[in-house]
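Notes follow once the structure below has been shown.
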Amino acid sequence: MIQASIIIPAYNAANRIPACLNSLLAQKTVREYEIIVVDDGSTDNTAEIVKQYDRVRLLTQSNAGPASARNYGVNEAVGEVVLFIDDDCIAAPDWSECMLAPFDDPELVGAKGAYLTNQKELIARFVQIEYEEKYDVLAKHQYIDFIDTYSAAFRRREFLNAGGYDTRFSTASTEDQEFSFRMANRGHKMIFIPDAKVWHTHVNTISGYIRKKYKIGYWKVLTLIKNPNKISGDSHTPTSLKIQIAALFLFIGAFLFSIPFFMIIDVRIFAMLLLIGITAFLFTTLPLTLRCFFRDPHLFPAAPLFITLRAIGLTTGLAKGIFDRFILKRNS
């Protein structure tokens with residue numbers, strides 16, 4: 001009996017998918033599992049490459065985004081538990097066993113693993129430490145509400161009962177966050193499994209990092225509209241990051257509000273408030289900056305800059321998302 005179905009949404013993944021599939025075929029487990037690749041309308045030879053693997057099922061669809069592709073894979077799966085991994089990830093040999101073992105508990109509905117990387121670029125190393133900070137937050141909770149699809153597992157029946165991923169998320173963004181929030185709000189038990197690891201190639205340029213954070217911020221608006229109780233926090237986001245985003249929103253709002261009154265505002269008062277705001281913001285960067293110092297000393301000098309760029313990317317994405325979904329929609 002097949003106990004699990006591993007589902008990989010793939011889009012133009014010809015250069016990435018072989019390493020992912022080879023790692024999945026080499027899993028050290030006695031559990032029966034199937035591997036499903038959903039080709040999401042690729043324009044390269046992803047499908048032809050996948051067809052070379054006899055043990056892999058290939059499904060194809062017109063390009064509709066990873067949320068749709070994962071839902072398609074789950075609908076066609078036969079395993080009691082569905083595991084998700086991304087096409088640019090390489091699973092550790094014991095990944096599937098680590099992910100599946102806790103499901104011997106019939107009350108468990110979802111689980112999340114962790115990232116590893118061996119990249120040398122500064123920004124990629126920072127991204128890894130950023131994830132590790134969030135893993136420490138997750139580890140403090142018995143049950144979590146935040147499961148990323150790069151290393152995820154759900155009971156298939158409960159996944160389908162919850163309606164799957166929201167296909168309004170047309171690109172890889174926060175569709176996994178929204179779904180796991182929804183599952184948590186339904187009262188399902190989900191856990192973090194730090195030993196269930198996959199290797200990943202993180203974004204390695206500053207511009208790419210900012211764009212990624214902007215996209216996350218933009219789509220986070222829809223996530224929070226659907227799950228407003230998570231505005232106050234979740235089991236994944238560090239408190240310092242929430243303060244940084246709130247501080248930037250307040251700073252931008254205060255600056256825009258002060259423009260009409262600039263001529264009558266004492267410049268010294270404005271400069272003092274600005275200095276206080278910057279100092280408070282920098283203070284919130286200390287936890288992650290110190291983590292970088294102890295974990296990767298060569299990264300330490302650049303950490304405050306990367307943290308600031310992260311906050312700017314997320315905040316501008318949130319602002320644009322709010323504008324599009326509330327201001328433009330109201331005026332249209």
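Chains: A, B, ... in order of the structure tokens. Residues: from 1 per chain. Ligands: from 1, in order shown.
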Problem set entry | Residue neighbourhood range 196-198 of chain A, 9 Å, only C-alpha atoms, exclusion window fewer than 3 positions, as a ChimeraX atom specification | /A:85,89-99,112-117,150-151,192-193
Problem set entry | Near-Asn45 in chain A list (8 Å; only C-alpha atoms; drop same-chain fewer than 4 positions) as a ChimeraX atom specification | /A:12,14,49
Problem set entry | Non-local contacts of range 118-122 of chain A (10 Å; only C-alpha atoms; under 4 positions in same chain excluded) as a PyMOL selection string | chain A and resi 126-128+199-206+296+298-300+302-303+306
Same residues, N, CA and C atoms, saved as a PDB file, in the first residue's frame:
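selection25.pdb, written as the output of this step:
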```pdb
ATOM      1  N   PHE A 126      23.176  34.938   4.139  1.00  0.00           N
ATOM      2  CA  PHE A 126      22.277  35.687   5.009  1.00  0.00           C
ATOM      3  C   PHE A 126      20.872  35.084   4.988  1.00  0.00           C
ATOM      4  N   VAL A 127      20.402  34.722   3.792  1.00  0.00           N
ATOM      5  CA  VAL A 127      19.067  34.116   3.672  1.00  0.00           C
ATOM      6  C   VAL A 127      18.984  32.852   4.526  1.00  0.00           C
ATOM      7  N   GLN A 128      20.044  32.040   4.498  1.00  0.00           N
ATOM      8  CA  GLN A 128      20.042  30.807   5.294  1.00  0.00           C
ATOM      9  C   GLN A 128      19.945  31.121   6.789  1.00  0.00           C
ATOM     10  N   TRP A 199      18.156  20.581   0.574  1.00  0.00           N
ATOM     11  CA  TRP A 199      19.156  21.551   0.128  1.00  0.00           C
ATOM     12  C   TRP A 199      18.526  22.469  -0.917  1.00  0.00           C
ATOM     13  N   HIS A 200      18.907  23.736  -0.865  1.00  0.00           N
ATOM     14  CA  HIS A 200      18.282  24.720  -1.750  1.00  0.00           C
ATOM     15  C   HIS A 200      19.312  25.746  -2.201  1.00  0.00           C
ATOM     16  N   THR A 201      19.091  26.301  -3.382  1.00  0.00           N
ATOM     17  CA  THR A 201      19.903  27.416  -3.876  1.00  0.00           C
ATOM     18  C   THR A 201      19.118  28.698  -3.637  1.00  0.00           C
ATOM     19  N   HIS A 202      19.498  29.431  -2.595  1.00  0.00           N
ATOM     20  CA  HIS A 202      18.802  30.667  -2.257  1.00  0.00           C
ATOM     21  C   HIS A 202      19.121  31.759  -3.278  1.00  0.00           C
ATOM     22  N   VAL A 203      18.298  32.794  -3.287  1.00  0.00           N
ATOM     23  CA  VAL A 203      18.568  33.957  -4.114  1.00  0.00           C
ATOM     24  C   VAL A 203      19.952  34.496  -3.731  1.00  0.00           C
ATOM     25  N   ASN A 204      20.753  34.881  -4.732  1.00  0.00           N
ATOM     26  CA  ASN A 204      22.153  35.242  -4.431  1.00  0.00           C
ATOM     27  C   ASN A 204      22.546  36.639  -4.886  1.00  0.00           C
ATOM     28  N   THR A 205      21.561  37.476  -5.214  1.00  0.00           N
ATOM     29  CA  THR A 205      21.845  38.876  -5.552  1.00  0.00           C
ATOM     30  C   THR A 205      20.959  39.784  -4.708  1.00  0.00           C
ATOM     31  N   ILE A 206      21.446  40.981  -4.436  1.00  0.00           N
ATOM     32  CA  ILE A 206      20.669  41.913  -3.621  1.00  0.00           C
ATOM     33  C   ILE A 206      19.377  42.300  -4.322  1.00  0.00           C
ATOM     34  N   ASP A 296      28.364  33.377  11.249  1.00  0.00           N
ATOM     35  CA  ASP A 296      29.127  33.628  10.032  1.00  0.00           C
ATOM     36  C   ASP A 296      29.761  35.015  10.141  1.00  0.00           C
ATOM     37  N   HIS A 298      32.065  36.722   8.787  1.00  0.00           N
ATOM     38  CA  HIS A 298      32.332  37.509   7.586  1.00  0.00           C
ATOM     39  C   HIS A 298      31.067  38.202   7.070  1.00  0.00           C
ATOM     40  N   LEU A 299      29.921  37.690   7.469  1.00  0.00           N
ATOM     41  CA  LEU A 299      28.649  38.270   7.059  1.00  0.00           C
ATOM     42  C   LEU A 299      28.230  39.418   7.971  1.00  0.00           C
ATOM     43  N   PHE A 300      28.820  39.466   9.140  1.00  0.00           N
ATOM     44  CA  PHE A 300      28.403  40.413  10.180  1.00  0.00           C
ATOM     45  C   PHE A 300      28.343  41.868   9.705  1.00  0.00           C
ATOM     46  N   ALA A 302      27.727  43.224   6.869  1.00  0.00           N
ATOM     47  CA  ALA A 302      26.673  43.483   5.887  1.00  0.00           C
ATOM     48  C   ALA A 302      25.277  43.213   6.433  1.00  0.00           C
ATOM     49  N   ALA A 303      25.186  42.560   7.582  1.00  0.00           N
ATOM     50  CA  ALA A 303      23.887  42.133   8.103  1.00  0.00           C
ATOM     51  C   ALA A 303      22.900  43.279   8.299  1.00  0.00           C
ATOM     52  N   PHE A 306      21.408  44.234   4.947  1.00  0.00           N
ATOM     53  CA  PHE A 306      20.497  43.224   4.415  1.00  0.00           C
ATOM     54  C   PHE A 306      19.160  43.229   5.172  1.00  0.00           C
TER      55      PHE A 306
END
```
Exercise. Counting only C-alpha atoms, what is within 7 Å of Leu138 in chain A, bar same-chain residues fewer than 3 positions away, as a ChimeraX atom specification?
Worked result: /A:134-135,141,144,192,235-236
Expected file: the selected residues, C-alpha atoms, as a short mmCIF file (atom, residue, chain, number, x, y, z; two decimals), in the first residue's frame:
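For reference, again.cif as written:
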```cif
data_model
loop_
_atom_site.label_atom_id
_atom_site.label_comp_id
_atom_site.auth_asym_id
_atom_site.auth_seq_id
_atom_site.Cartn_x
_atom_site.Cartn_y
_atom_site.Cartn_z
CA LYS A 134 12.65 31.65 11.98
CA TYR A 135 13.25 27.97 12.73
CA HIS A 141 5.82 26.05 19.59
CA ILE A 144 2.71 25.55 14.30
CA PHE A 192 7.96 21.54 12.79
CA SER A 235 4.50 30.88 14.77
CA HIS A 236 7.15 31.75 12.16
#
```
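The nearest approach to Phe326 in chain A among the residues A:Ile252, A:Leu222, A:Ala162, A:Ile231, with only C-alpha atoms taken into account, belongs to A:Leu222.
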Exercise. Got a sec: who's within 12 Å of Lys51 in chain A, counting only C-alpha atoms, leaving out chain neighbours fewer than 3 positions off, as a PyMOL selection string?
Worked result: chain A and resi 14+17-18+21+36-39+45-48+54-60
Problem set entry | Two-atom distance - CA of Ala13 in chain A, CA of Asp87 in chain A (Å) | 6.6 Å
For this session: Please provide the set of residues having any atom within 10 Å of Gly110 in chain A, restricted to only C-alpha atoms, with same-chain residues fewer than 3 positions apart removed, written as a PyMOL selection string.
Result: chain A and resi 81-83+99-100+102-103+107+143-147+152-156+158-159+180+183-184+188-192
